[in-house]
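*Asks:* This is the structure I want to talk about, given as structure tokens.
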Amino acid sequence: MQWNAIYGQDKAKQGLLNYYQSEHLPHAIMILGKEGTGGLALALALARYLLCEEKAADGTACSVCPACLKTENLVHPDLHLTFPSVPMKAGEKAMSKNNISEFRKFVHENPYGSVFDWLQFVGATSNQKGNISAEECRQMIETLSLKASEGAYKIQVIWRPEYLGKEGNILLKLIEEPPPNTVFLLVAESTDGVLDTILSRTQLVRLQPLGAEAVQSILMQHYSISERDAAQAAQIAEGNVAQGLGVLQQSEKDLLELLKQWFNGVFTFNGLLIGKWVELMDKTSKVQQKNFLLFAQQLLAHAFRIQLIPGYQPPLPEDELQFVRRLSTRNFSADTISSMDESISKAIYHIERNANAKIVLLHLSVSLQYTLKGTTLKAL
Ligand SMILES: [Zn+2]
């Protein structure tokens with residue numbers, strides 16, 4: 001993972017680089033960011049940089065030295081990886097070293113993946129939640145007490161210290177007083193699940209929520225997804241690359257075409273068109289219905305911003321941009337937009353709770369028509 005391929009985290013990157021350049025790199029760093037914002041990708045990019053033999057000052061590793069070739073494939077002997085594991089065979093212990101070749105493949109394919117994605121990747125059963133065991137902690141102590149074999153640093157990445165549980169206490173002394181040139185990079189999504197005793201011994205580096213543009217770039221660059229699909233998924237990914245990928249997997253129909261059909265019915269008060277659209281939507285999954293409604297909210301918000309902000313350019317593919325521009329010529333009032341947004345949020349709420357999709361979507365369509373007429377419809 002290359003430093004400049006980490007999008008949307010400039011503040012965290014600069015902070016880490018400053019530590020290194022001022023020779024004050026903390027020996028235990030906790031990279032804290034929500035799912036799908038790139039914590040693991042950033043930790044691996046930093047590890048690669050630290051171990052590179054010909055690094056540039058801006059965080060770029062050379063990509064060609066022997067160390068870079070090894071870190072790229074996560075096989076550098078001074079880069080140690082710990083992550084939630086499950087037993088690969090009956091009778092085998094859940095240890096990172098037993099899952100390591102699978103983990104390398106996983107990170108290569110899905111550097112922004114969640115623990116859920118990882119457990120799916122290794123075929124964990126629904127009651128295998130993944131674990132970082134006491135034995136794994138003792139192994140870490142043993143491994144890190146050996147001298148660095150090649151690099152200037154020994155780096156221990158712990159992906160999701162939340163999975164340590166109270167076993168994490170085994171590591172306290174090591175994290176507090178690690179052997180020389182040892183760096184711990186802990187990657188957490190929430191401080192709630194991390195032991196206070198560990199938290200207090202690490203330097204916290206917070207990730208920013210990702211904007212839709214960053215999610216789109218990541219989907220295109222790291223996952224080779226087309227610009228159009230990446231832009232559409234990024235609109236509804238809520239800053240979470242893993243969610244964006246989920247949207248793409250679930251995507252059964254083109255969201256823009258569905259939205260055109262729906263708004264056509266709503267804005268022209270055409271019950272027949274709305275009825276057809278409801279039938280079509282009813283055949284899609286709950287996830288798709290929710291994604292569609294999030295998409296509708298995003299495009300309405302862009303249309304409203306076009307009305308308000310001269311020269312505003314929504315980061316959208318051409319056909320969506322045209323649609324949003326047409327929508328903006330309706331000159332919605334702030335009240336209309338906020339009421340439409342609220343109605344859509346309510347529909348999402350009901351769909352997530354398994355309400356009958358036909359009823360929810362029909363009610364939503366009629367509510368939007370009432371809003372457009374300037375009246376309100378009784379709550380569902
Ligand atoms: Zn290098």
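Residue numbering restarts at 1 in every chain; chains get A, B, ... in the order shown in the structure tokens, and ligands count up from 1 in that same order.
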What does the list of residues within 7 Å of ligand 1 look like if you count only C-alpha atoms and all ligand atoms, written as an MDAnalysis selection string?
*Replies:* chainID A and resid 52:55 61:68
*Asks:* Would you save the residues of that selection, restricted to all heavy atoms, as a PDB file, in the first residue's frame?
*Replies:*
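Now in result_1.pdb:
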ATOM      1  N   CYS A  52      11.227   1.100   4.188  1.00  0.00           N
ATOM      2  CA  CYS A  52      11.860   1.354   2.884  1.00  0.00           C
ATOM      3  C   CYS A  52      13.296   1.837   3.087  1.00  0.00           C
ATOM      4  O   CYS A  52      13.590   2.610   3.988  1.00  0.00           O
ATOM      5  CB  CYS A  52      11.055   2.389   2.103  1.00  0.00           C
ATOM      6  SG  CYS A  52      11.892   2.919   0.584  1.00  0.00           S
ATOM      7  N   GLU A  53      14.185   1.384   2.210  1.00  0.00           N
ATOM      8  CA  GLU A  53      15.603   1.741   2.343  1.00  0.00           C
ATOM      9  C   GLU A  53      15.951   3.012   1.577  1.00  0.00           C
ATOM     10  O   GLU A  53      17.041   3.558   1.730  1.00  0.00           O
ATOM     11  CB  GLU A  53      16.463   0.565   1.845  1.00  0.00           C
ATOM     12  CG  GLU A  53      16.337  -0.662   2.750  1.00  0.00           C
ATOM     13  CD  GLU A  53      16.641  -1.981   2.044  1.00  0.00           C
ATOM     14  OE1 GLU A  53      17.304  -1.958   0.985  1.00  0.00           O
ATOM     15  OE2 GLU A  53      16.193  -3.034   2.555  1.00  0.00           O
ATOM     16  N   GLU A  54      15.055   3.477   0.713  1.00  0.00           N
ATOM     17  CA  GLU A  54      15.357   4.663  -0.118  1.00  0.00           C
ATOM     18  C   GLU A  54      14.183   5.629  -0.092  1.00  0.00           C
ATOM     19  O   GLU A  54      13.730   6.103  -1.127  1.00  0.00           O
ATOM     20  CB  GLU A  54      15.606   4.236  -1.579  1.00  0.00           C
ATOM     21  CG  GLU A  54      16.707   3.221  -1.788  1.00  0.00           C
ATOM     22  CD  GLU A  54      18.088   3.859  -1.701  1.00  0.00           C
ATOM     23  OE1 GLU A  54      18.164   5.111  -1.790  1.00  0.00           O
ATOM     24  OE2 GLU A  54      19.074   3.116  -1.511  1.00  0.00           O
ATOM     25  N   LYS A  55      13.669   5.942   1.080  1.00  0.00           N
ATOM     26  CA  LYS A  55      12.415   6.700   1.118  1.00  0.00           C
ATOM     27  C   LYS A  55      12.601   8.181   0.824  1.00  0.00           C
ATOM     28  O   LYS A  55      13.646   8.760   1.115  1.00  0.00           O
ATOM     29  CB  LYS A  55      11.718   6.509   2.457  1.00  0.00           C
ATOM     30  CG  LYS A  55      12.575   6.655   3.682  1.00  0.00           C
ATOM     31  CD  LYS A  55      11.701   6.395   4.903  1.00  0.00           C
ATOM     32  CE  LYS A  55      12.488   5.951   6.118  1.00  0.00           C
ATOM     33  NZ  LYS A  55      12.888   4.560   6.122  1.00  0.00           N
ATOM     34  N   ALA A  61       7.425   5.658  -0.291  1.00  0.00           N
ATOM     35  CA  ALA A  61       8.439   4.603  -0.297  1.00  0.00           C
ATOM     36  C   ALA A  61       8.897   4.413  -1.740  1.00  0.00           C
ATOM     37  O   ALA A  61       8.163   4.724  -2.677  1.00  0.00           O
ATOM     38  CB  ALA A  61       7.839   3.312   0.252  1.00  0.00           C
ATOM     39  N   CYS A  62      10.127   3.902  -1.926  1.00  0.00           N
ATOM     40  CA  CYS A  62      10.704   3.876  -3.278  1.00  0.00           C
ATOM     41  C   CYS A  62      10.049   2.847  -4.192  1.00  0.00           C
ATOM     42  O   CYS A  62      10.123   2.957  -5.408  1.00  0.00           O
ATOM     43  CB  CYS A  62      12.205   3.635  -3.197  1.00  0.00           C
ATOM     44  SG  CYS A  62      12.629   1.917  -2.826  1.00  0.00           S
ATOM     45  N   SER A  63       9.426   1.826  -3.622  1.00  0.00           N
ATOM     46  CA  SER A  63       8.739   0.762  -4.383  1.00  0.00           C
ATOM     47  C   SER A  63       9.678  -0.226  -5.049  1.00  0.00           C
ATOM     48  O   SER A  63       9.218  -1.193  -5.649  1.00  0.00           O
ATOM     49  CB  SER A  63       7.807   1.312  -5.482  1.00  0.00           C
ATOM     50  OG  SER A  63       6.781   2.041  -4.906  1.00  0.00           O
ATOM     51  N   VAL A  64      10.981   0.015  -5.039  1.00  0.00           N
ATOM     52  CA  VAL A  64      11.887  -0.894  -5.762  1.00  0.00           C
ATOM     53  C   VAL A  64      12.939  -1.548  -4.878  1.00  0.00           C
ATOM     54  O   VAL A  64      13.543  -2.542  -5.276  1.00  0.00           O
ATOM     55  CB  VAL A  64      12.579  -0.183  -6.961  1.00  0.00           C
ATOM     56  CG1 VAL A  64      11.569   0.106  -8.053  1.00  0.00           C
ATOM     57  CG2 VAL A  64      13.282   1.090  -6.532  1.00  0.00           C
ATOM     58  N   CYS A  65      13.175  -1.015  -3.681  1.00  0.00           N
ATOM     59  CA  CYS A  65      14.208  -1.631  -2.838  1.00  0.00           C
ATOM     60  C   CYS A  65      13.717  -2.999  -2.346  1.00  0.00           C
ATOM     61  O   CYS A  65      12.518  -3.281  -2.386  1.00  0.00           O
ATOM     62  CB  CYS A  65      14.571  -0.711  -1.667  1.00  0.00           C
ATOM     63  SG  CYS A  65      13.310  -0.636  -0.389  1.00  0.00           S
ATOM     64  N   PRO A  66      14.630  -3.857  -1.904  1.00  0.00           N
ATOM     65  CA  PRO A  66      14.192  -5.193  -1.443  1.00  0.00           C
ATOM     66  C   PRO A  66      13.123  -5.109  -0.351  1.00  0.00           C
ATOM     67  O   PRO A  66      12.182  -5.912  -0.339  1.00  0.00           O
ATOM     68  CB  PRO A  66      15.484  -5.822  -0.898  1.00  0.00           C
ATOM     69  CG  PRO A  66      16.595  -5.091  -1.579  1.00  0.00           C
ATOM     70  CD  PRO A  66      16.097  -3.702  -1.833  1.00  0.00           C
ATOM     71  N   ALA A  67      13.246  -4.116   0.551  1.00  0.00           N
ATOM     72  CA  ALA A  67      12.259  -3.993   1.635  1.00  0.00           C
ATOM     73  C   ALA A  67      10.878  -3.679   1.070  1.00  0.00           C
ATOM     74  O   ALA A  67       9.865  -4.262   1.493  1.00  0.00           O
ATOM     75  CB  ALA A  67      12.695  -2.906   2.612  1.00  0.00           C
ATOM     76  N   CYS A  68      10.808  -2.759   0.101  1.00  0.00           N
ATOM     77  CA  CYS A  68       9.514  -2.394  -0.487  1.00  0.00           C
ATOM     78  C   CYS A  68       8.848  -3.596  -1.153  1.00  0.00           C
ATOM     79  O   CYS A  68       7.638  -3.781  -1.052  1.00  0.00           O
ATOM     80  CB  CYS A  68       9.691  -1.268  -1.504  1.00  0.00           C
ATOM     81  SG  CYS A  68       9.716   0.362  -0.727  1.00  0.00           S
TER      82      CYS A  68
END
*Asks:* Could you go through stretch 113-160 of chain A and tell me which residues DSSP, when run on the backbone, assigns to helix (DSSP H, G or I), listing them as a PDB file with N, CA, C and O atoms, in the first residue's frame?
*Replies:*
ATOM      1  N   VAL A 115     -13.851  -6.279   9.277  1.00  0.00           N
ATOM      2  CA  VAL A 115     -13.621  -7.595   9.888  1.00  0.00           C
ATOM      3  C   VAL A 115     -14.688  -8.579   9.386  1.00  0.00           C
ATOM      4  O   VAL A 115     -14.400  -9.743   9.115  1.00  0.00           O
ATOM      5  N   PHE A 116     -15.902  -8.079   9.229  1.00  0.00           N
ATOM      6  CA  PHE A 116     -16.975  -8.929   8.689  1.00  0.00           C
ATOM      7  C   PHE A 116     -16.557  -9.483   7.317  1.00  0.00           C
ATOM      8  O   PHE A 116     -16.673 -10.677   7.058  1.00  0.00           O
ATOM      9  N   ASP A 117     -16.050  -8.583   6.455  1.00  0.00           N
ATOM     10  CA  ASP A 117     -15.607  -9.020   5.116  1.00  0.00           C
ATOM     11  C   ASP A 117     -14.495 -10.067   5.235  1.00  0.00           C
ATOM     12  O   ASP A 117     -14.463 -11.057   4.500  1.00  0.00           O
ATOM     13  N   TRP A 118     -13.584  -9.811   6.169  1.00  0.00           N
ATOM     14  CA  TRP A 118     -12.446 -10.725   6.368  1.00  0.00           C
ATOM     15  C   TRP A 118     -12.926 -12.108   6.813  1.00  0.00           C
ATOM     16  O   TRP A 118     -12.495 -13.133   6.284  1.00  0.00           O
ATOM     17  N   LEU A 119     -13.855 -12.125   7.759  1.00  0.00           N
ATOM     18  CA  LEU A 119     -14.348 -13.415   8.256  1.00  0.00           C
ATOM     19  C   LEU A 119     -15.112 -14.163   7.159  1.00  0.00           C
ATOM     20  O   LEU A 119     -15.033 -15.391   7.047  1.00  0.00           O
ATOM     21  N   GLN A 120     -15.835 -13.392   6.333  1.00  0.00           N
ATOM     22  CA  GLN A 120     -16.504 -14.016   5.178  1.00  0.00           C
ATOM     23  C   GLN A 120     -15.467 -14.621   4.238  1.00  0.00           C
ATOM     24  O   GLN A 120     -15.653 -15.698   3.692  1.00  0.00           O
ATOM     25  N   PHE A 121     -14.378 -13.865   4.058  1.00  0.00           N
ATOM     26  CA  PHE A 121     -13.314 -14.265   3.128  1.00  0.00           C
ATOM     27  C   PHE A 121     -12.730 -15.621   3.504  1.00  0.00           C
ATOM     28  O   PHE A 121     -12.419 -16.433   2.642  1.00  0.00           O
ATOM     29  N   ALA A 134      -4.934 -14.951  24.000  1.00  0.00           N
ATOM     30  CA  ALA A 134      -3.827 -14.767  24.948  1.00  0.00           C
ATOM     31  C   ALA A 134      -2.550 -15.385  24.371  1.00  0.00           C
ATOM     32  O   ALA A 134      -1.465 -14.820  24.487  1.00  0.00           O
ATOM     33  N   GLU A 135      -2.718 -16.523  23.722  1.00  0.00           N
ATOM     34  CA  GLU A 135      -1.547 -17.194  23.153  1.00  0.00           C
ATOM     35  C   GLU A 135      -0.892 -16.321  22.080  1.00  0.00           C
ATOM     36  O   GLU A 135       0.328 -16.232  21.972  1.00  0.00           O
ATOM     37  N   GLU A 136      -1.751 -15.667  21.296  1.00  0.00           N
ATOM     38  CA  GLU A 136      -1.244 -14.769  20.262  1.00  0.00           C
ATOM     39  C   GLU A 136      -0.453 -13.617  20.900  1.00  0.00           C
ATOM     40  O   GLU A 136       0.593 -13.205  20.402  1.00  0.00           O
ATOM     41  N   CYS A 137      -0.955 -13.095  22.026  1.00  0.00           N
ATOM     42  CA  CYS A 137      -0.272 -12.004  22.725  1.00  0.00           C
ATOM     43  C   CYS A 137       1.106 -12.468  23.200  1.00  0.00           C
ATOM     44  O   CYS A 137       2.096 -11.753  23.069  1.00  0.00           O
ATOM     45  N   ARG A 138       1.152 -13.693  23.749  1.00  0.00           N
ATOM     46  CA  ARG A 138       2.440 -14.201  24.237  1.00  0.00           C
ATOM     47  C   ARG A 138       3.418 -14.406  23.081  1.00  0.00           C
ATOM     48  O   ARG A 138       4.604 -14.135  23.185  1.00  0.00           O
ATOM     49  N   GLN A 139       2.863 -14.812  21.947  1.00  0.00           N
ATOM     50  CA  GLN A 139       3.702 -14.984  20.760  1.00  0.00           C
ATOM     51  C   GLN A 139       4.293 -13.638  20.299  1.00  0.00           C
ATOM     52  O   GLN A 139       5.443 -13.552  19.893  1.00  0.00           O
ATOM     53  N   MET A 140       3.468 -12.585  20.397  1.00  0.00           N
ATOM     54  CA  MET A 140       3.936 -11.246  20.017  1.00  0.00           C
ATOM     55  C   MET A 140       5.134 -10.846  20.873  1.00  0.00           C
ATOM     56  O   MET A 140       6.112 -10.308  20.375  1.00  0.00           O
ATOM     57  N   ILE A 141       5.021 -11.101  22.179  1.00  0.00           N
ATOM     58  CA  ILE A 141       6.112 -10.742  23.096  1.00  0.00           C
ATOM     59  C   ILE A 141       7.400 -11.461  22.685  1.00  0.00           C
ATOM     60  O   ILE A 141       8.466 -10.871  22.595  1.00  0.00           O
ATOM     61  N   GLU A 142       7.231 -12.752  22.362  1.00  0.00           N
ATOM     62  CA  GLU A 142       8.391 -13.552  21.965  1.00  0.00           C
ATOM     63  C   GLU A 142       9.015 -13.028  20.670  1.00  0.00           C
ATOM     64  O   GLU A 142      10.209 -12.811  20.579  1.00  0.00           O
ATOM     65  N   THR A 143       8.165 -12.796  19.669  1.00  0.00           N
ATOM     66  CA  THR A 143       8.665 -12.371  18.354  1.00  0.00           C
ATOM     67  C   THR A 143       9.375 -11.025  18.448  1.00  0.00           C
ATOM     68  O   THR A 143      10.432 -10.827  17.858  1.00  0.00           O
ATOM     69  N   LEU A 144       8.763 -10.102  19.193  1.00  0.00           N
ATOM     70  CA  LEU A 144       9.317  -8.743  19.209  1.00  0.00           C
ATOM     71  C   LEU A 144      10.570  -8.645  20.071  1.00  0.00           C
ATOM     72  O   LEU A 144      11.322  -7.686  19.966  1.00  0.00           O
ATOM     73  N   SER A 145      10.801  -9.645  20.916  1.00  0.00           N
ATOM     74  CA  SER A 145      12.012  -9.588  21.742  1.00  0.00           C
ATOM     75  C   SER A 145      13.243  -9.998  20.926  1.00  0.00           C
ATOM     76  O   SER A 145      14.368  -9.749  21.309  1.00  0.00           O
TER      77      SER A 145
END
*Asks:* Smallest atom-to-atom distance to A:Leu199: which of A:Val187, A:Met30, A:Leu174, A:Leu299, using only C-alpha atoms?
*Replies:*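 Comparing A:Val187, A:Met30, A:Leu174, A:Leu299 against A:Leu199, the winner is A:Met30.
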*Asks:* Hey, can you check how far atom CA of A:Phe304 sits from atom CA of A:Gln322?
*Replies:* 13.9 Å
*Asks:* Atom CA of A:Glu72 and atom CA of A:Arg201, how far apart in Å?
*Replies:*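 Interatomic distance, atom CA of A:Arg201 to atom CA of A:Glu72: 28.8 Å.
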*Asks:* Counting only C-alpha atoms, which of A:Gln297, A:Ser285, A:Thr71, A:Gln203 gets nearest to A:Asn356?
*Replies:* A:Ser285
*Asks:* Pick out the residues sitting within 9 Å of A:Leu368, and hand them over as a ChimeraX atom specification; count only C-alpha atoms, and ignore anything fewer than 2 positions along from it in its own chain.
*Replies:* /A:266-267,336,339-340,343-344,363-366,370-373,376-377
*Asks:* If you measure from atom CA of A:Gln2 to atom CA of A:Ala233, what distance in Å do you get, rounded to one decimal?
*Replies:*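 Value for the atom CA of A:Gln2-atom CA of A:Ala233 distance: 23.7 Å.
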*Asks:* If you count only C-alpha atoms, which residues fall within 10 Å of stretch 40-44 of chain A, apart from same-chain ones fewer than 3 positions away, as a ChimeraX atom specification?
*Replies:* /A:1-7,9,12-13,29-33,35-37,47-50,71-72,74,79,81,107,110-114,155-160,184-188,207
*Asks:* Go ahead and dump the residues you just picked, C-alpha atoms, as an mmCIF file, in the first residue's frame.
*Replies:*
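Now in out-v4.cif:
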data_model
loop_
_atom_site.group_PDB
_atom_site.id
_atom_site.type_symbol
_atom_site.label_atom_id
_atom_site.label_comp_id
_atom_site.auth_asym_id
_atom_site.auth_seq_id
_atom_site.Cartn_x
_atom_site.Cartn_y
_atom_site.Cartn_z
ATOM 1 C CA MET A 1 0.000 0.000 0.000
ATOM 2 C CA GLN A 2 1.543 3.279 -1.126
ATOM 3 C CA TRP A 3 1.310 6.461 0.941
ATOM 4 C CA ASN A 4 -0.051 8.665 -1.849
ATOM 5 C CA ALA A 5 -2.753 6.104 -2.652
ATOM 6 C CA ILE A 6 -4.363 6.748 0.742
ATOM 7 C CA TYR A 7 -7.115 9.211 -0.147
ATOM 8 C CA GLN A 9 -6.630 11.247 5.154
ATOM 9 C CA ALA A 12 -3.517 11.939 9.707
ATOM 10 C CA LYS A 13 -0.796 11.368 7.111
ATOM 11 C CA ILE A 29 0.264 4.588 17.682
ATOM 12 C CA MET A 30 -3.482 3.990 17.643
ATOM 13 C CA ILE A 31 -5.005 4.839 14.258
ATOM 14 C CA LEU A 32 -8.662 5.407 15.018
ATOM 15 C CA GLY A 33 -11.257 5.610 12.262
ATOM 16 C CA GLU A 35 -15.114 1.162 9.231
ATOM 17 C CA GLY A 36 -14.087 1.644 5.616
ATOM 18 C CA THR A 37 -12.080 4.843 6.173
ATOM 19 C CA ALA A 47 4.982 0.401 7.803
ATOM 20 C CA ARG A 48 6.122 0.267 4.202
ATOM 21 C CA TYR A 49 7.529 3.764 4.433
ATOM 22 C CA LEU A 50 9.389 3.100 7.678
ATOM 23 C CA THR A 71 6.281 -5.056 2.406
ATOM 24 C CA GLU A 72 4.188 -4.801 -0.767
ATOM 25 C CA LEU A 74 3.298 -8.347 3.377
ATOM 26 C CA LEU A 79 6.485 -6.557 9.669
ATOM 27 C CA LEU A 81 0.557 -8.719 11.542
ATOM 28 C CA VAL A 107 -5.644 -7.244 2.085
ATOM 29 C CA ASN A 110 -9.769 -5.555 -0.278
ATOM 30 C CA PRO A 111 -7.506 -3.143 1.659
ATOM 31 C CA TYR A 112 -10.552 -1.251 3.007
ATOM 32 C CA GLY A 113 -12.459 -4.374 4.004
ATOM 33 C CA SER A 114 -14.140 -4.779 7.388
ATOM 34 C CA ILE A 155 6.690 -3.143 13.258
ATOM 35 C CA GLN A 156 3.759 -4.841 14.904
ATOM 36 C CA VAL A 157 0.389 -4.047 13.321
ATOM 37 C CA ILE A 158 -2.621 -5.009 15.433
ATOM 38 C CA TRP A 159 -5.750 -4.723 13.315
ATOM 39 C CA ARG A 160 -8.707 -4.151 15.609
ATOM 40 C CA PHE A 184 3.170 -0.712 17.414
ATOM 41 C CA LEU A 185 0.508 0.343 14.932
ATOM 42 C CA LEU A 186 -2.926 -0.401 16.352
ATOM 43 C CA VAL A 187 -5.878 0.111 14.039
ATOM 44 C CA ALA A 188 -9.192 0.556 15.853
ATOM 45 C CA LEU A 207 -8.953 9.487 10.712
#
*Asks:* Check the DSSP output for the backbone and give back, as a ChimeraX atom specification, the residues of stretch 167-362 of chain A in strand (DSSP E).
*Replies:* /A:182-188,203-206
*Asks:* Keeping only C-alpha atoms, write the selected residues to a file as a compact mmCIF listing (two decimals), in the first residue's frame.
*Replies:*
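For reference, again-v4.txt as written:
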# COMPACT_ATOMS: atom_id res chain seq x y z
CA THR A 182 9.86 -1.33 17.75
CA VAL A 183 6.70 0.41 16.60
CA PHE A 184 3.17 -0.71 17.41
CA LEU A 185 0.51 0.34 14.93
CA LEU A 186 -2.93 -0.40 16.35
CA VAL A 187 -5.88 0.11 14.04
CA ALA A 188 -9.19 0.56 15.85
CA GLN A 203 -0.63 8.04 20.72
CA LEU A 204 -4.03 8.54 19.12
CA VAL A 205 -4.20 9.49 15.41
CA ARG A 206 -7.76 10.11 14.25
